[in-house]
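**Student:** Provided herewith is a single structure, encoded as structure tokens, for subsequent inquiry.
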Amino acid sequence: MLVASVGNVLVWAVWIVAAFACLGSGVAVVSFSNPFYSALALIGNLGSLAVLYLLLSSEFVAAAQVLVYAGAVMVMFLFVIAYVGPRTESPWAGGPSWQAVGAVLAAAALLVEIIVVIGLKAGGRLAHSHHVSGSFGSPSYVGRLFLSDHLLAFEITSIVLLVAAIGGVILGAHSRQAAGEVPPL
Amino acid sequence: MMGPGTAWYLSVAGFLFAVGSLGVLLRRNPLIVLLSLEIMLNGANLALITFARHLDNGDGQIFALAVMAVAASEVVVGLGLIVALNRKRVPLDVDRLSSLRG
């Protein structure tokens with residue numbers, strides 16, 4: 001009993017640290033004026049989200065989150081930010097002030113809407129969650145689901161990634177006209 | 001489950017989604033708009049994984065992985081667009097990107 005309560009306190013402590021790191025770095029991403037610092041804050045956000053996934057016993061998704069986002073996506077973000085260069089002349093928020101006020105109001109309305117809908121639709125059923133087995137969220141569990149029940153989603157995901165890679169190459173390549181203007185050596 | 005219940009995770013997910021939408025609506029730099037979109041997608045992912053754990057059903061995790069792949073694709077195309085804009089000396093400001101003609 002004592003061990004269970006100590007474990008409970010420990011999980012709560014980890015959850016509080018991860019959740020506040022997640023929310024704080026999310027606010028930091030939106031509020032930094034330099035996109036480089038925003039990208040660094042987003043890496044912290046993704047790392048603390050991976051901790052939350054681990055607490056939800058989703059080990060494979062947590063590992064994929066760190067590998068895909070922090071490993072691949074954010075590196076590409078940082079490269080592009082370094083390529084584009086600092087754009088300090090762009091003001092923090094644009095347009096007249098009523099646009100900023102409208103944006104804040106819209107985001108607050110969205111938050112209230114999410115909370116109200118979840119509270120109304122699922123408020124009574126959230127208290128008792130199922131007990132999961134030890135293999136829940138392990139790579140073999142996710143792999144078995146992916147290759148049996150969700151095979152079509154798996155294949156469509158691969159096609160989406162292929163199309164995105166082709167699109168990235170086309171967008172990143174110089175146009176044919178510009179390539180023809182290279183002077184001969 | 002030990003520790004905080006499902007509602008706590010869902011409130012974090014909702015707050016992340018709202019913060020991301022605030023960034024998308026408020027900021028002018030398209031790079032930061034893309035970063036805020038990532039926050040929104042991650043908020044949705046956290047809700048999916050929370051419900052997968054709550055219902056002891058792995059489909060939410062599969063959906064979260066698919067969302068991750070779509071987010072990676074979206075970043076590839078978005079950053080490609082930003083690089084193309086930068087090469088054409090178009091100012092990186094979403095208020096001034098009002099014309100689709102190159």
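So you can find residues: chains in the structure tokens are A, B, ... in the order shown, residues in each start at 1, and ligands are numbered from 1 in order.
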With the cut-off set at 10 Å and counting only C-alpha atoms, tabulate each residue of range 18-98 of chain B with an atom at most that distance from an atom of range 105-113 of chain A, showing the nearest atom pair and its distance in Å to one decimal, ordered by chain and increasing number, as a tab-separated table.

**Tutor:**
```
residue	atom	partner	partner_atom	distance
B:Ala18	CA	A:Ala107	CA	5.3
B:Val19	CA	A:Ala107	CA	7.1
B:Gly20	CA	A:Ala107	CA	8.5
B:Ser21	CA	A:Ala107	CA	6.0
B:Leu22	CA	A:Ala107	CA	5.2
B:Gly23	CA	A:Ala107	CA	9.0
B:Val24	CA	A:Ala107	CA	9.6
B:Leu25	CA	A:Ala107	CA	8.2
B:Leu26	CA	A:Ala107	CA	9.7
```

**Student:** What are the residues of chain A lining chain B at 6 Å or less? Count only C-alpha atoms, and put the answer as a PyMOL selection string.

**Tutor:** chain A and resi 8+11-12+30+93-94+100+103+107+111+126+129-130+132+161+164+168+171-172

**Student:** Dump N, CA and C atoms for the selected residues as a JSON list (two decimals), in the first residue's frame?

**Tutor:**
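And here is the file that came out, part-v8.json:
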```json
[["chain", "number", "residue", "atom", "x", "y", "z"],
["A", 8, "ASN", "N", 2.30, 6.66, -6.68],
["A", 8, "ASN", "CA", 1.30, 7.64, -7.10],
["A", 8, "ASN", "C", 1.84, 9.06, -6.99],
["A", 11, "VAL", "N", 4.37, 9.65, -9.73],
["A", 11, "VAL", "CA", 3.76, 9.88, -11.05],
["A", 11, "VAL", "C", 3.17, 11.28, -11.11],
["A", 12, "TRP", "N", 2.52, 11.71, -10.00],
["A", 12, "TRP", "CA", 1.98, 13.07, -9.97],
["A", 12, "TRP", "C", 3.08, 14.11, -10.15],
["A", 30, "VAL", "N", 4.99, 30.65, -28.95],
["A", 30, "VAL", "CA", 4.13, 31.68, -29.54],
["A", 30, "VAL", "C", 4.67, 33.07, -29.24],
["A", 93, "ALA", "N", 3.41, 41.09, -33.90],
["A", 93, "ALA", "CA", 2.06, 40.72, -34.31],
["A", 93, "ALA", "C", 1.58, 41.76, -35.32],
["A", 94, "GLY", "N", 0.81, 41.30, -36.29],
["A", 94, "GLY", "CA", 0.54, 42.16, -37.42],
["A", 94, "GLY", "C", -0.82, 42.83, -37.36],
["A", 100, "ALA", "N", -5.34, 41.59, -33.29],
["A", 100, "ALA", "CA", -4.74, 40.86, -32.18],
["A", 100, "ALA", "C", -5.79, 40.52, -31.13],
["A", 103, "ALA", "N", -7.82, 37.71, -32.36],
["A", 103, "ALA", "CA", -7.11, 36.42, -32.29],
["A", 103, "ALA", "C", -7.15, 35.86, -30.87],
["A", 107, "ALA", "N", -9.00, 32.38, -29.75],
["A", 107, "ALA", "CA", -8.31, 31.27, -29.09],
["A", 107, "ALA", "C", -8.95, 30.97, -27.73],
["A", 111, "LEU", "N", -10.69, 27.44, -26.48],
["A", 111, "LEU", "CA", -10.36, 26.73, -25.25],
["A", 111, "LEU", "C", -11.62, 26.44, -24.43],
["A", 126, "LEU", "N", -15.02, 9.93, -17.38],
["A", 126, "LEU", "CA", -13.57, 10.03, -17.40],
["A", 126, "LEU", "C", -12.94, 9.54, -16.12],
["A", 129, "SER", "N", -10.81, 4.76, -15.63],
["A", 129, "SER", "CA", -10.20, 4.31, -16.87],
["A", 129, "SER", "C", -9.91, 2.82, -16.77],
["A", 130, "HIS", "N", -9.81, 2.19, -17.92],
["A", 130, "HIS", "CA", -9.57, 0.75, -17.96],
["A", 130, "HIS", "C", -8.17, 0.43, -17.46],
["A", 132, "VAL", "N", -4.86, -1.44, -18.23],
["A", 132, "VAL", "CA", -4.25, -1.93, -19.46],
["A", 132, "VAL", "C", -3.24, -3.01, -19.11],
["A", 161, "LEU", "N", 3.81, 10.28, -47.33],
["A", 161, "LEU", "CA", 5.20, 10.69, -47.13],
["A", 161, "LEU", "C", 5.94, 10.76, -48.45],
["A", 164, "ALA", "N", 4.87, 13.91, -50.22],
["A", 164, "ALA", "CA", 5.46, 15.08, -49.58],
["A", 164, "ALA", "C", 6.93, 15.20, -49.95],
["A", 168, "GLY", "N", 8.50, 18.36, -51.79],
["A", 168, "GLY", "CA", 9.63, 19.10, -51.24],
["A", 168, "GLY", "C", 10.74, 19.27, -52.24],
["A", 171, "LEU", "N", 9.55, 21.86, -54.86],
["A", 171, "LEU", "CA", 9.56, 23.23, -54.33],
["A", 171, "LEU", "C", 10.98, 23.72, -54.10],
["A", 172, "GLY", "N", 11.86, 22.81, -53.71],
["A", 172, "GLY", "CA", 13.21, 23.24, -53.37],
["A", 172, "GLY", "C", 14.12, 23.36, -54.57]]
```

**Student:** Please return, as an mmCIF file with N, CA and C atoms, in the first residue's frame, all residues of range 20-174 of chain A that DSSP assigns to alpha helix (DSSP H) on the basis of the backbone.

**Tutor:**
```cif
data_model
loop_
_atom_site.group_PDB
_atom_site.id
_atom_site.type_symbol
_atom_site.label_atom_id
_atom_site.label_comp_id
_atom_site.auth_asym_id
_atom_site.auth_seq_id
_atom_site.Cartn_x
_atom_site.Cartn_y
_atom_site.Cartn_z
ATOM 1 N N PHE A 20 3.705 21.295 -16.911
ATOM 2 C CA PHE A 20 4.020 22.718 -16.882
ATOM 3 C C PHE A 20 5.134 23.061 -17.858
ATOM 4 N N ALA A 21 6.096 22.145 -18.037
ATOM 5 C CA ALA A 21 7.114 22.378 -19.061
ATOM 6 C C ALA A 21 6.477 22.441 -20.441
ATOM 7 N N CYS A 22 5.511 21.565 -20.664
ATOM 8 C CA CYS A 22 4.812 21.515 -21.952
ATOM 9 C C CYS A 22 4.055 22.817 -22.216
ATOM 10 N N LEU A 23 3.268 23.252 -21.218
ATOM 11 C CA LEU A 23 2.472 24.469 -21.416
ATOM 12 C C LEU A 23 3.374 25.696 -21.500
ATOM 13 N N GLY A 24 4.405 25.751 -20.631
ATOM 14 C CA GLY A 24 5.284 26.916 -20.649
ATOM 15 C C GLY A 24 6.041 27.040 -21.959
ATOM 16 N N SER A 25 6.550 25.905 -22.466
ATOM 17 C CA SER A 25 7.284 25.990 -23.725
ATOM 18 C C SER A 25 6.330 26.262 -24.884
ATOM 19 N N GLY A 26 5.076 25.816 -24.775
ATOM 20 C CA GLY A 26 4.105 26.163 -25.820
ATOM 21 C C GLY A 26 3.853 27.654 -25.866
ATOM 22 N N VAL A 27 3.693 28.271 -24.703
ATOM 23 C CA VAL A 27 3.512 29.724 -24.663
ATOM 24 C C VAL A 27 4.767 30.421 -25.168
ATOM 25 N N ALA A 28 5.939 29.850 -24.840
ATOM 26 C CA ALA A 28 7.192 30.462 -25.283
ATOM 27 C C ALA A 28 7.326 30.429 -26.798
ATOM 28 N N VAL A 29 6.882 29.321 -27.425
ATOM 29 C CA VAL A 29 6.953 29.240 -28.892
ATOM 30 C C VAL A 29 6.170 30.384 -29.510
ATOM 31 N N VAL A 30 4.990 30.649 -28.946
ATOM 32 C CA VAL A 30 4.134 31.679 -29.542
ATOM 33 C C VAL A 30 4.670 33.074 -29.243
ATOM 34 N N SER A 31 5.373 33.249 -28.103
ATOM 35 C CA SER A 31 5.693 34.617 -27.694
ATOM 36 C C SER A 31 7.105 35.059 -28.050
ATOM 37 N N PRO A 35 12.367 33.430 -34.466
ATOM 38 C CA PRO A 35 11.907 32.058 -34.749
ATOM 39 C C PRO A 35 12.886 30.983 -34.304
ATOM 40 N N PHE A 36 14.182 31.338 -34.193
ATOM 41 C CA PHE A 36 15.151 30.337 -33.735
ATOM 42 C C PHE A 36 14.842 29.907 -32.297
ATOM 43 N N TYR A 37 14.573 30.903 -31.433
ATOM 44 C CA TYR A 37 14.231 30.562 -30.051
ATOM 45 C C TYR A 37 12.896 29.833 -29.988
ATOM 46 N N SER A 38 11.963 30.195 -30.862
ATOM 47 C CA SER A 38 10.687 29.477 -30.889
ATOM 48 C C SER A 38 10.892 28.004 -31.219
ATOM 49 N N ALA A 39 11.774 27.740 -32.186
ATOM 50 C CA ALA A 39 12.022 26.339 -32.559
ATOM 51 C C ALA A 39 12.667 25.587 -31.400
ATOM 52 N N LEU A 40 13.600 26.254 -30.683
ATOM 53 C CA LEU A 40 14.223 25.588 -29.536
ATOM 54 C C LEU A 40 13.179 25.299 -28.455
ATOM 55 N N ALA A 41 12.250 26.250 -28.235
ATOM 56 C CA ALA A 41 11.199 26.019 -27.245
ATOM 57 C C ALA A 41 10.280 24.882 -27.680
ATOM 58 N N LEU A 42 10.067 24.757 -28.996
ATOM 59 C CA LEU A 42 9.212 23.662 -29.459
ATOM 60 C C LEU A 42 9.875 22.308 -29.215
ATOM 61 N N ILE A 43 11.218 22.264 -29.278
ATOM 62 C CA ILE A 43 11.906 20.999 -28.950
ATOM 63 C C ILE A 43 11.627 20.623 -27.496
ATOM 64 N N GLY A 44 11.660 21.624 -26.590
ATOM 65 C CA GLY A 44 11.320 21.337 -25.199
ATOM 66 C C GLY A 44 9.886 20.874 -25.045
ATOM 67 N N ASN A 45 8.995 21.502 -25.806
ATOM 68 C CA ASN A 45 7.581 21.106 -25.785
ATOM 69 C C ASN A 45 7.429 19.650 -26.212
ATOM 70 N N LEU A 46 8.121 19.254 -27.292
ATOM 71 C CA LEU A 46 7.994 17.884 -27.787
ATOM 72 C C LEU A 46 8.587 16.891 -26.798
ATOM 73 N N GLY A 47 9.705 17.273 -26.146
ATOM 74 C CA GLY A 47 10.294 16.371 -25.163
ATOM 75 C C GLY A 47 9.383 16.148 -23.966
ATOM 76 N N SER A 48 8.763 17.232 -23.462
ATOM 77 C CA SER A 48 7.875 17.040 -22.306
ATOM 78 C C SER A 48 6.608 16.296 -22.712
ATOM 79 N N LEU A 49 6.167 16.478 -23.965
ATOM 80 C CA LEU A 49 5.028 15.680 -24.437
ATOM 81 C C LEU A 49 5.388 14.194 -24.475
ATOM 82 N N ALA A 50 6.638 13.889 -24.844
ATOM 83 C CA ALA A 50 7.047 12.483 -24.856
ATOM 84 C C ALA A 50 6.998 11.898 -23.444
ATOM 85 N N VAL A 51 7.344 12.726 -22.433
ATOM 86 C CA VAL A 51 7.229 12.247 -21.048
ATOM 87 C C VAL A 51 5.774 11.952 -20.710
ATOM 88 N N LEU A 52 4.864 12.834 -21.151
ATOM 89 C CA LEU A 52 3.438 12.585 -20.897
ATOM 90 C C LEU A 52 2.980 11.301 -21.588
ATOM 91 N N TYR A 53 3.478 11.045 -22.803
ATOM 92 C CA TYR A 53 3.114 9.804 -23.499
ATOM 93 C C TYR A 53 3.615 8.587 -22.726
ATOM 94 N N LEU A 54 4.822 8.720 -22.140
ATOM 95 C CA LEU A 54 5.336 7.594 -21.345
ATOM 96 C C LEU A 54 4.449 7.350 -20.133
ATOM 97 N N LEU A 55 3.971 8.438 -19.503
ATOM 98 C CA LEU A 55 3.080 8.258 -18.359
ATOM 99 C C LEU A 55 1.777 7.595 -18.781
ATOM 100 N N GLU A 59 4.798 3.719 -24.964
ATOM 101 C CA GLU A 59 6.248 3.847 -25.103
ATOM 102 C C GLU A 59 6.661 4.049 -26.556
ATOM 103 N N PHE A 60 6.016 3.309 -27.455
ATOM 104 C CA PHE A 60 6.450 3.401 -28.853
ATOM 105 C C PHE A 60 6.165 4.784 -29.418
ATOM 106 N N VAL A 61 4.995 5.342 -29.084
ATOM 107 C CA VAL A 61 4.666 6.673 -29.613
ATOM 108 C C VAL A 61 5.616 7.718 -29.040
ATOM 109 N N ALA A 62 6.008 7.550 -27.759
ATOM 110 C CA ALA A 62 6.952 8.490 -27.161
ATOM 111 C C ALA A 62 8.292 8.441 -27.889
ATOM 112 N N ALA A 63 8.760 7.220 -28.175
ATOM 113 C CA ALA A 63 10.039 7.096 -28.883
ATOM 114 C C ALA A 63 9.938 7.671 -30.287
ATOM 115 N N ALA A 64 8.812 7.400 -30.960
ATOM 116 C CA ALA A 64 8.636 7.925 -32.316
ATOM 117 C C ALA A 64 8.543 9.441 -32.290
ATOM 118 N N MET A 74 12.539 18.977 -36.366
ATOM 119 C CA MET A 74 13.075 20.203 -35.792
ATOM 120 C C MET A 74 14.437 20.547 -36.370
ATOM 121 N N VAL A 75 15.221 19.522 -36.736
ATOM 122 C CA VAL A 75 16.501 19.809 -37.387
ATOM 123 C C VAL A 75 16.272 20.521 -38.710
ATOM 124 N N MET A 76 15.230 20.057 -39.442
ATOM 125 C CA MET A 76 14.929 20.720 -40.712
ATOM 126 C C MET A 76 14.459 22.150 -40.477
ATOM 127 N N PHE A 77 13.628 22.333 -39.422
ATOM 128 C CA PHE A 77 13.184 23.679 -39.075
ATOM 129 C C PHE A 77 14.380 24.587 -38.794
ATOM 130 N N LEU A 78 15.316 24.082 -37.986
ATOM 131 C CA LEU A 78 16.458 24.921 -37.612
ATOM 132 C C LEU A 78 17.312 25.243 -38.836
ATOM 133 N N PHE A 79 17.463 24.261 -39.737
ATOM 134 C CA PHE A 79 18.234 24.540 -40.953
ATOM 135 C C PHE A 79 17.562 25.628 -41.778
ATOM 136 N N VAL A 80 16.235 25.535 -41.936
ATOM 137 C CA VAL A 80 15.546 26.536 -42.767
ATOM 138 C C VAL A 80 15.595 27.905 -42.103
ATOM 139 N N ILE A 81 15.470 27.944 -40.758
ATOM 140 C CA ILE A 81 15.544 29.238 -40.073
ATOM 141 C C ILE A 81 16.935 29.840 -40.252
ATOM 142 N N ALA A 82 17.964 28.988 -40.191
ATOM 143 C CA ALA A 82 19.313 29.498 -40.400
ATOM 144 C C ALA A 82 19.517 29.941 -41.844
ATOM 145 N N TYR A 83 18.851 29.251 -42.789
ATOM 146 C CA TYR A 83 18.981 29.606 -44.209
ATOM 147 C C TYR A 83 18.281 30.919 -44.505
ATOM 148 N N VAL A 84 17.075 31.069 -43.957
ATOM 149 C CA VAL A 84 16.309 32.290 -44.217
ATOM 150 C C VAL A 84 16.950 33.470 -43.511
ATOM 151 N N SER A 97 -4.752 46.696 -34.083
ATOM 152 C CA SER A 97 -4.831 46.025 -32.784
ATOM 153 C C SER A 97 -6.103 45.191 -32.665
ATOM 154 N N TRP A 98 -7.154 45.560 -33.434
ATOM 155 C CA TRP A 98 -8.372 44.745 -33.310
ATOM 156 C C TRP A 98 -8.146 43.331 -33.823
ATOM 157 N N GLN A 99 -7.176 43.162 -34.719
ATOM 158 C CA GLN A 99 -6.875 41.797 -35.180
ATOM 159 C C GLN A 99 -6.265 40.964 -34.058
ATOM 160 N N ALA A 100 -5.341 41.594 -33.293
ATOM 161 C CA ALA A 100 -4.736 40.857 -32.182
ATOM 162 C C ALA A 100 -5.788 40.524 -31.129
ATOM 163 N N VAL A 101 -6.658 41.502 -30.838
ATOM 164 C CA VAL A 101 -7.712 41.250 -29.852
ATOM 165 C C VAL A 101 -8.634 40.135 -30.338
ATOM 166 N N GLY A 102 -8.955 40.161 -31.636
ATOM 167 C CA GLY A 102 -9.808 39.109 -32.191
ATOM 168 C C GLY A 102 -9.144 37.744 -32.121
ATOM 169 N N ALA A 103 -7.816 37.706 -32.363
ATOM 170 C CA ALA A 103 -7.114 36.423 -32.294
ATOM 171 C C ALA A 103 -7.151 35.865 -30.874
ATOM 172 N N VAL A 104 -6.896 36.739 -29.886
ATOM 173 C CA VAL A 104 -6.918 36.271 -28.494
ATOM 174 C C VAL A 104 -8.317 35.795 -28.124
ATOM 175 N N LEU A 105 -9.342 36.552 -28.547
ATOM 176 C CA LEU A 105 -10.717 36.160 -28.234
ATOM 177 C C LEU A 105 -11.068 34.823 -28.887
ATOM 178 N N ALA A 106 -10.630 34.638 -30.148
ATOM 179 C CA ALA A 106 -10.950 33.392 -30.844
ATOM 180 C C ALA A 106 -10.278 32.205 -30.163
ATOM 181 N N ALA A 107 -8.996 32.383 -29.752
ATOM 182 C CA ALA A 107 -8.310 31.274 -29.086
ATOM 183 C C ALA A 107 -8.955 30.967 -27.734
ATOM 184 N N ALA A 108 -9.349 32.012 -27.003
ATOM 185 C CA ALA A 108 -9.993 31.781 -25.703
ATOM 186 C C ALA A 108 -11.333 31.079 -25.899
ATOM 187 N N ALA A 109 -12.087 31.488 -26.940
ATOM 188 C CA ALA A 109 -13.374 30.842 -27.216
ATOM 189 C C ALA A 109 -13.171 29.369 -27.555
ATOM 190 N N LEU A 110 -12.084 29.086 -28.303
ATOM 191 C CA LEU A 110 -11.783 27.691 -28.653
ATOM 192 C C LEU A 110 -11.496 26.868 -27.401
ATOM 193 N N LEU A 111 -10.694 27.444 -26.484
ATOM 194 C CA LEU A 111 -10.363 26.731 -25.245
ATOM 195 C C LEU A 111 -11.617 26.441 -24.431
ATOM 196 N N VAL A 112 -12.461 27.463 -24.277
ATOM 197 C CA VAL A 112 -13.695 27.278 -23.502
ATOM 198 C C VAL A 112 -14.581 26.230 -24.161
ATOM 199 N N GLU A 113 -14.620 26.279 -25.494
ATOM 200 C CA GLU A 113 -15.450 25.321 -26.234
ATOM 201 C C GLU A 113 -14.971 23.890 -26.030
ATOM 202 N N ILE A 114 -13.635 23.695 -26.097
ATOM 203 C CA ILE A 114 -13.079 22.349 -25.881
ATOM 204 C C ILE A 114 -13.442 21.849 -24.495
ATOM 205 N N ILE A 115 -13.240 22.721 -23.482
ATOM 206 C CA ILE A 115 -13.487 22.282 -22.101
ATOM 207 C C ILE A 115 -14.968 21.961 -21.902
ATOM 208 N N VAL A 116 -15.836 22.824 -22.443
ATOM 209 C CA VAL A 116 -17.269 22.611 -22.243
ATOM 210 C C VAL A 116 -17.728 21.334 -22.940
ATOM 211 N N VAL A 117 -17.252 21.127 -24.178
ATOM 212 C CA VAL A 117 -17.706 19.943 -24.919
ATOM 213 C C VAL A 117 -17.223 18.665 -24.235
ATOM 214 N N ILE A 118 -15.947 18.657 -23.813
ATOM 215 C CA ILE A 118 -15.446 17.453 -23.135
ATOM 216 C C ILE A 118 -16.170 17.245 -21.816
ATOM 217 N N GLY A 119 -16.392 18.346 -21.078
ATOM 218 C CA GLY A 119 -17.074 18.217 -19.798
ATOM 219 C C GLY A 119 -18.500 17.732 -19.948
ATOM 220 N N LEU A 120 -19.196 18.211 -20.992
ATOM 221 C CA LEU A 120 -20.592 17.813 -21.167
ATOM 222 C C LEU A 120 -20.703 16.390 -21.693
ATOM 223 N N LYS A 121 -19.845 16.051 -22.647
ATOM 224 C CA LYS A 121 -20.019 14.770 -23.327
ATOM 225 C C LYS A 121 -19.404 13.621 -22.551
ATOM 226 N N ALA A 122 -18.291 13.887 -21.880
ATOM 227 C CA ALA A 122 -17.555 12.774 -21.289
ATOM 228 C C ALA A 122 -17.241 12.987 -19.821
ATOM 229 N N PRO A 139 6.260 -1.727 -28.891
ATOM 230 C CA PRO A 139 6.409 -1.792 -30.348
ATOM 231 C C PRO A 139 5.706 -2.985 -30.975
ATOM 232 N N SER A 140 5.731 -4.150 -30.304
ATOM 233 C CA SER A 140 5.074 -5.312 -30.914
ATOM 234 C C SER A 140 3.561 -5.118 -30.964
ATOM 235 N N TYR A 141 3.012 -4.477 -29.907
ATOM 236 C CA TYR A 141 1.567 -4.203 -29.886
ATOM 237 C C TYR A 141 1.186 -3.264 -31.030
ATOM 238 N N VAL A 142 1.939 -2.151 -31.157
ATOM 239 C CA VAL A 142 1.622 -1.183 -32.213
ATOM 240 C C VAL A 142 1.846 -1.799 -33.588
ATOM 241 N N GLY A 143 2.920 -2.584 -33.727
ATOM 242 C CA GLY A 143 3.195 -3.194 -35.015
ATOM 243 C C GLY A 143 2.127 -4.188 -35.421
ATOM 244 N N ARG A 144 1.632 -4.952 -34.434
ATOM 245 C CA ARG A 144 0.575 -5.917 -34.764
ATOM 246 C C ARG A 144 -0.685 -5.187 -35.193
ATOM 247 N N LEU A 145 -1.020 -4.095 -34.489
ATOM 248 C CA LEU A 145 -2.204 -3.328 -34.895
ATOM 249 C C LEU A 145 -2.019 -2.735 -36.289
ATOM 250 N N PHE A 146 -0.824 -2.194 -36.530
ATOM 251 C CA PHE A 146 -0.581 -1.522 -37.807
ATOM 252 C C PHE A 146 -0.679 -2.486 -38.975
ATOM 253 N N LEU A 147 -0.165 -3.700 -38.798
ATOM 254 C CA LEU A 147 -0.114 -4.638 -39.915
ATOM 255 C C LEU A 147 -1.304 -5.572 -39.970
ATOM 256 N N SER A 148 -2.278 -5.402 -39.045
ATOM 257 C CA SER A 148 -3.474 -6.243 -39.166
ATOM 258 C C SER A 148 -4.724 -5.385 -39.388
ATOM 259 N N LEU A 151 -3.880 -1.803 -41.798
ATOM 260 C CA LEU A 151 -2.914 -1.938 -42.891
ATOM 261 C C LEU A 151 -3.120 -0.849 -43.935
ATOM 262 N N LEU A 152 -4.375 -0.503 -44.219
ATOM 263 C CA LEU A 152 -4.651 0.515 -45.236
ATOM 264 C C LEU A 152 -4.098 1.868 -44.786
ATOM 265 N N ALA A 153 -4.298 2.214 -43.501
ATOM 266 C CA ALA A 153 -3.764 3.484 -42.997
ATOM 267 C C ALA A 153 -2.242 3.503 -43.107
ATOM 268 N N PHE A 154 -1.615 2.363 -42.831
ATOM 269 C CA PHE A 154 -0.157 2.257 -42.938
ATOM 270 C C PHE A 154 0.312 2.550 -44.359
ATOM 271 N N GLU A 155 -0.365 1.921 -45.341
ATOM 272 C CA GLU A 155 0.038 2.122 -46.737
ATOM 273 C C GLU A 155 -0.224 3.553 -47.188
ATOM 274 N N ILE A 156 -1.376 4.111 -46.763
ATOM 275 C CA ILE A 156 -1.693 5.488 -47.161
ATOM 276 C C ILE A 156 -0.681 6.458 -46.558
ATOM 277 N N THR A 157 -0.238 6.173 -45.323
ATOM 278 C CA THR A 157 0.789 7.014 -44.707
ATOM 279 C C THR A 157 2.067 7.013 -45.526
ATOM 280 N N SER A 158 2.440 5.823 -46.031
ATOM 281 C CA SER A 158 3.667 5.779 -46.830
ATOM 282 C C SER A 158 3.499 6.574 -48.117
ATOM 283 N N ILE A 159 2.288 6.517 -48.721
ATOM 284 C CA ILE A 159 2.072 7.283 -49.954
ATOM 285 C C ILE A 159 2.118 8.773 -49.665
ATOM 286 N N VAL A 160 1.517 9.189 -48.524
ATOM 287 C CA VAL A 160 1.539 10.609 -48.156
ATOM 288 C C VAL A 160 2.977 11.089 -47.989
ATOM 289 N N LEU A 161 3.805 10.281 -47.328
ATOM 290 C CA LEU A 161 5.198 10.686 -47.127
ATOM 291 C C LEU A 161 5.944 10.763 -48.452
ATOM 292 N N LEU A 162 5.639 9.819 -49.363
ATOM 293 C CA LEU A 162 6.314 9.844 -50.666
ATOM 294 C C LEU A 162 5.932 11.094 -51.438
ATOM 295 N N VAL A 163 4.623 11.424 -51.437
ATOM 296 C CA VAL A 163 4.163 12.610 -52.171
ATOM 297 C C VAL A 163 4.767 13.874 -51.569
ATOM 298 N N ALA A 164 4.868 13.910 -50.223
ATOM 299 C CA ALA A 164 5.465 15.078 -49.580
ATOM 300 C C ALA A 164 6.934 15.204 -49.947
ATOM 301 N N ALA A 165 7.637 14.075 -50.047
ATOM 302 C CA ALA A 165 9.050 14.142 -50.424
ATOM 303 C C ALA A 165 9.199 14.679 -51.843
ATOM 304 N N ILE A 166 8.315 14.197 -52.757
ATOM 305 C CA ILE A 166 8.380 14.690 -54.139
ATOM 306 C C ILE A 166 8.073 16.187 -54.170
ATOM 307 N N GLY A 167 7.051 16.592 -53.399
ATOM 308 C CA GLY A 167 6.697 18.016 -53.370
ATOM 309 C C GLY A 167 7.823 18.863 -52.824
ATOM 310 N N GLY A 168 8.503 18.356 -51.785
ATOM 311 C CA GLY A 168 9.626 19.102 -51.241
ATOM 312 C C GLY A 168 10.742 19.268 -52.243
ATOM 313 N N VAL A 169 11.011 18.210 -53.018
ATOM 314 C CA VAL A 169 12.065 18.302 -54.033
ATOM 315 C C VAL A 169 11.676 19.309 -55.098
ATOM 316 N N ILE A 170 10.380 19.266 -55.526
ATOM 317 C CA ILE A 170 9.955 20.183 -56.590
ATOM 318 C C ILE A 170 10.001 21.629 -56.101
ATOM 319 N N LEU A 171 9.550 21.857 -54.855
ATOM 320 C CA LEU A 171 9.564 23.228 -54.335
ATOM 321 C C LEU A 171 10.984 23.716 -54.097
ATOM 322 N N GLY A 172 11.859 22.810 -53.706
ATOM 323 C CA GLY A 172 13.206 23.239 -53.374
ATOM 324 C C GLY A 172 14.123 23.361 -54.569
#
```

**Student:** Could you state the separation of CA of Val68 in chain A and CA of Gly137 in chain A in Å, given to one decimal place?

**Tutor:**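 Between these atoms lies a distance of 17.2 Å.
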
**Student:** Could you tell me how far CA of Ala19 in chain A sits from CA of Arg125 in chain A, in Å to one decimal place?

**Tutor:**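 Going from CA of Arg125 in chain A over to CA of Ala19 in chain A covers 22.5 Å.
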